[in-house]
Amino acid sequence: MNPFEKIFNFQIISRLEEAGSLALTSQERSWLKTMLGHPAAAEAFSTETLRKLNSLLEAEASIEVGEIIIEKARSKERQVYHPLLRPLRRIIMQNQGIQITYAIKHGGERNDPSGFPHKLEYNMYKREWYLQWYSTRQRSLMSTKLRNIVSADPAPIPAHRIDGLKARIARLLDGLRESACIQVIPVYNAELSRILSTFSCFDKSVAFDEATGIYHITVHYMRDDSEFLLSRIRFLGLRVKITQGEQLKQRMLKSAEMAVGRYGEMEK
């Protein structure tokens, strides 16, 4: 590509960004058309939006993977999209309070008339949507499965309290954040890209010690995600070792002792 073409492409991209537009490749359009065929698309988009998208992508070829890919032993798909996602997202964007009724673990329902929603998140380990919100009545941060929410309605909240609630939530989240250092065993350095992709769900940083030829991956995670992180570490097997993070070390040691206790004694 000559310099004039690069300048022209840069100008086009800059103007698209200024206009808030996004250029899609043919592969991205084909992928989008295929995804719109999923049953959950009818819930994820309004009828008008779905009709407009389908009309814009009518000339595109969809990616038909059903005929060439056979999926076996797949875990049951619990939630792809939940009907509460759109109304809850709107409440969060508008900085509104929330009046929520949800089912509790041992049966029955609980109502909290004064909550403040923080964010929606999808738990990759449990494959479920959660609402993270602050209960002003209990003065604690809550995480509730969307499938357990009976009703969630917007509730007025004084504007002068919003900043204080957000600061309170930030302090509580800081107390739940933890970190661990994971060492890559040098013989597996060639698989670094695969190892890093295993931790793609987490905020991480990588350091390399030239003297020893060892990579250290520092992973930052929420306390509730520790079991999911452990499952990723177990998946990598001998390739990595936890060097910092006492809680993770103890959990890994306990699971190893249980495995040895079950399989350590061989029949004579």
# chains A, B, ... in the order shown; residues from 1 in each chain; ligands from 1

$ select_by_dssp --residues "segment 86-235 of chain A" --states "helix (DSSP H, G or I)" --output "NGL selection string"
:A and (86-93 or 146-148 or 159-176 or 186-198 or 223-235)

$ residues_around --residues "Ala207 of chain A" --least-positions-apart "2" --cutoff "10 Å" --atoms "only C-alpha atoms" --output "PDB file with N, CA and C atoms, in the first residue's frame"
ATOM      1  N   GLN A 183       3.403 -18.664  37.535  1.00  0.00           N
ATOM      2  CA  GLN A 183       4.662 -18.831  36.807  1.00  0.00           C
ATOM      3  C   GLN A 183       4.492 -19.859  35.688  1.00  0.00           C
ATOM      4  N   SER A 205      -1.322  -9.076  33.716  1.00  0.00           N
ATOM      5  CA  SER A 205      -0.097  -8.471  33.190  1.00  0.00           C
ATOM      6  C   SER A 205       0.983  -9.544  33.167  1.00  0.00           C
ATOM      7  N   ASP A 209      11.528 -12.501  33.101  1.00  0.00           N
ATOM      8  CA  ASP A 209      12.831 -12.397  33.750  1.00  0.00           C
ATOM      9  C   ASP A 209      13.887 -12.951  32.792  1.00  0.00           C
ATOM     10  N   GLU A 210      14.687 -12.067  32.224  1.00  0.00           N
ATOM     11  CA  GLU A 210      15.681 -12.491  31.235  1.00  0.00           C
ATOM     12  C   GLU A 210      16.760 -13.382  31.852  1.00  0.00           C
ATOM     13  N   ILE A 214      12.032 -16.936  32.762  1.00  0.00           N
ATOM     14  CA  ILE A 214      10.735 -17.328  33.323  1.00  0.00           C
ATOM     15  C   ILE A 214       9.707 -16.202  33.106  1.00  0.00           C
ATOM     16  N   TYR A 215       8.515 -16.593  32.676  1.00  0.00           N
ATOM     17  CA  TYR A 215       7.391 -15.658  32.556  1.00  0.00           C
ATOM     18  C   TYR A 215       6.558 -15.726  33.833  1.00  0.00           C
ATOM     19  N   HIS A 216       6.158 -14.536  34.311  1.00  0.00           N
ATOM     20  CA  HIS A 216       5.258 -14.450  35.454  1.00  0.00           C
ATOM     21  C   HIS A 216       3.991 -13.712  35.019  1.00  0.00           C
ATOM     22  N   ILE A 217       2.851 -14.335  35.247  1.00  0.00           N
ATOM     23  CA  ILE A 217       1.558 -13.744  34.891  1.00  0.00           C
ATOM     24  C   ILE A 217       0.854 -13.327  36.178  1.00  0.00           C
ATOM     25  N   THR A 218       0.604 -12.040  36.323  1.00  0.00           N
ATOM     26  CA  THR A 218      -0.139 -11.537  37.481  1.00  0.00           C
ATOM     27  C   THR A 218      -1.593 -11.386  37.087  1.00  0.00           C
TER      28      THR A 218
END

$ residues_around --residues "segment 138-149 of chain A" --least-positions-apart "6" --cutoff "6 Å" --atoms "only C-alpha atoms" --output "PyMOL selection string"
chain A and resi 102-103+129-132

$ residues_around --residues "segment 115-117 of chain A" --least-positions-apart "6" --cutoff "7 Å" --atoms "only C-alpha atoms" --output "compact mmCIF listing (two decimals) with N, CA, C and O atoms, in the first residue's frame"
# COMPACT_ATOMS: atom_id res chain seq x y z
N ILE A 92 -29.66 1.14 34.78
CA ILE A 92 -28.28 1.44 35.15
C ILE A 92 -27.77 2.68 34.41
O ILE A 92 -27.13 3.55 35.00
N GLY A 97 -32.55 4.25 40.86
CA GLY A 97 -32.60 3.22 41.88
C GLY A 97 -33.44 2.05 41.39
O GLY A 97 -33.97 2.08 40.27
N ILE A 98 -33.56 1.04 42.22
CA ILE A 98 -34.30 -0.16 41.80
C ILE A 98 -35.08 -0.73 42.97
O ILE A 98 -34.62 -0.72 44.11
N GLN A 99 -36.29 -1.18 42.67
CA GLN A 99 -37.09 -1.91 43.64
C GLN A 99 -37.16 -3.34 43.14
O GLN A 99 -37.73 -3.62 42.09
N GLN A 132 -25.40 -7.16 39.74
CA GLN A 132 -24.66 -6.70 40.92
C GLN A 132 -25.27 -5.38 41.36
O GLN A 132 -25.34 -4.42 40.59
N TRP A 133 -25.75 -5.32 42.60
CA TRP A 133 -26.44 -4.13 43.08
C TRP A 133 -26.16 -3.92 44.57
O TRP A 133 -25.77 -4.84 45.29
N TYR A 134 -26.38 -2.68 44.99
CA TYR A 134 -26.13 -2.31 46.40
C TYR A 134 -27.47 -2.17 47.11
O TYR A 134 -28.36 -1.43 46.66
N SER A 135 -27.62 -2.90 48.20
CA SER A 135 -28.84 -2.81 49.01
C SER A 135 -28.66 -1.74 50.07
O SER A 135 -27.83 -1.89 50.98
N THR A 136 -29.40 -0.66 49.94
CA THR A 136 -29.30 0.43 50.92
C THR A 136 -29.89 0.02 52.26
O THR A 136 -29.53 0.60 53.29

$ atom_distance --atom1 "atom CA of Glu227 of chain A" --atom2 "atom CA of Met258 of chain A"
16.3 Å

$ closest_residue --among "A:Pro113, A:His118, A:Glu48, A:Ala40" --to "His82 of chain A" --atoms "only C-alpha atoms"
A:Ala40

$ atom_distance --atom1 "atom CA of Gly213 of chain A" --atom2 "atom CA of Pro186 of chain A"
6.6 Å

$ select_by_dssp --residues "segment 29-248 of chain A" --states "strand (DSSP E or B)" --output "count of residues only"
72

$ residues_around --residues "Val219 of chain A" --least-positions-apart "2" --cutoff "7 Å" --atoms "only C-alpha atoms" --output "list in words"
Ser179, Ala180, Cys181, Phe202, Asp203, Lys204, Ser205, Ile217 and Tyr221 of chain A

$ write_last_selection --atoms "C-alpha atoms" --output "PDB file, in the first residue's frame"
ATOM      1  CA  SER A 179      -4.432 -11.059  42.750  1.00  0.00           C
ATOM      2  CA  ALA A 180      -2.237 -14.051  42.155  1.00  0.00           C
ATOM      3  CA  CYS A 181       1.085 -14.622  40.423  1.00  0.00           C
ATOM      4  CA  PHE A 202      -9.220 -11.850  33.678  1.00  0.00           C
ATOM      5  CA  ASP A 203      -7.288  -8.607  33.974  1.00  0.00           C
ATOM      6  CA  LYS A 204      -3.641  -9.643  33.796  1.00  0.00           C
ATOM      7  CA  SER A 205      -0.097  -8.471  33.190  1.00  0.00           C
ATOM      8  CA  ILE A 217       1.558 -13.744  34.891  1.00  0.00           C
ATOM      9  CA  TYR A 221      -9.754 -11.318  39.912  1.00  0.00           C
TER      10      TYR A 221
END

$ closest_residue --among "A:Gly264, A:Gly164, A:Gly20, A:Pro83" --to "Glu43 of chain A" --atoms "only C-alpha atoms"
A:Pro83

$ atom_distance --atom1 "atom CA of Pro154 of chain A" --atom2 "atom CA of Lys119 of chain A"
14.5 Å

$ closest_residue --among "A:Glu191, A:Arg232, A:Ala44, A:Glu178" --to "Gln247 of chain A" --atoms "only C-alpha atoms"
A:Glu178
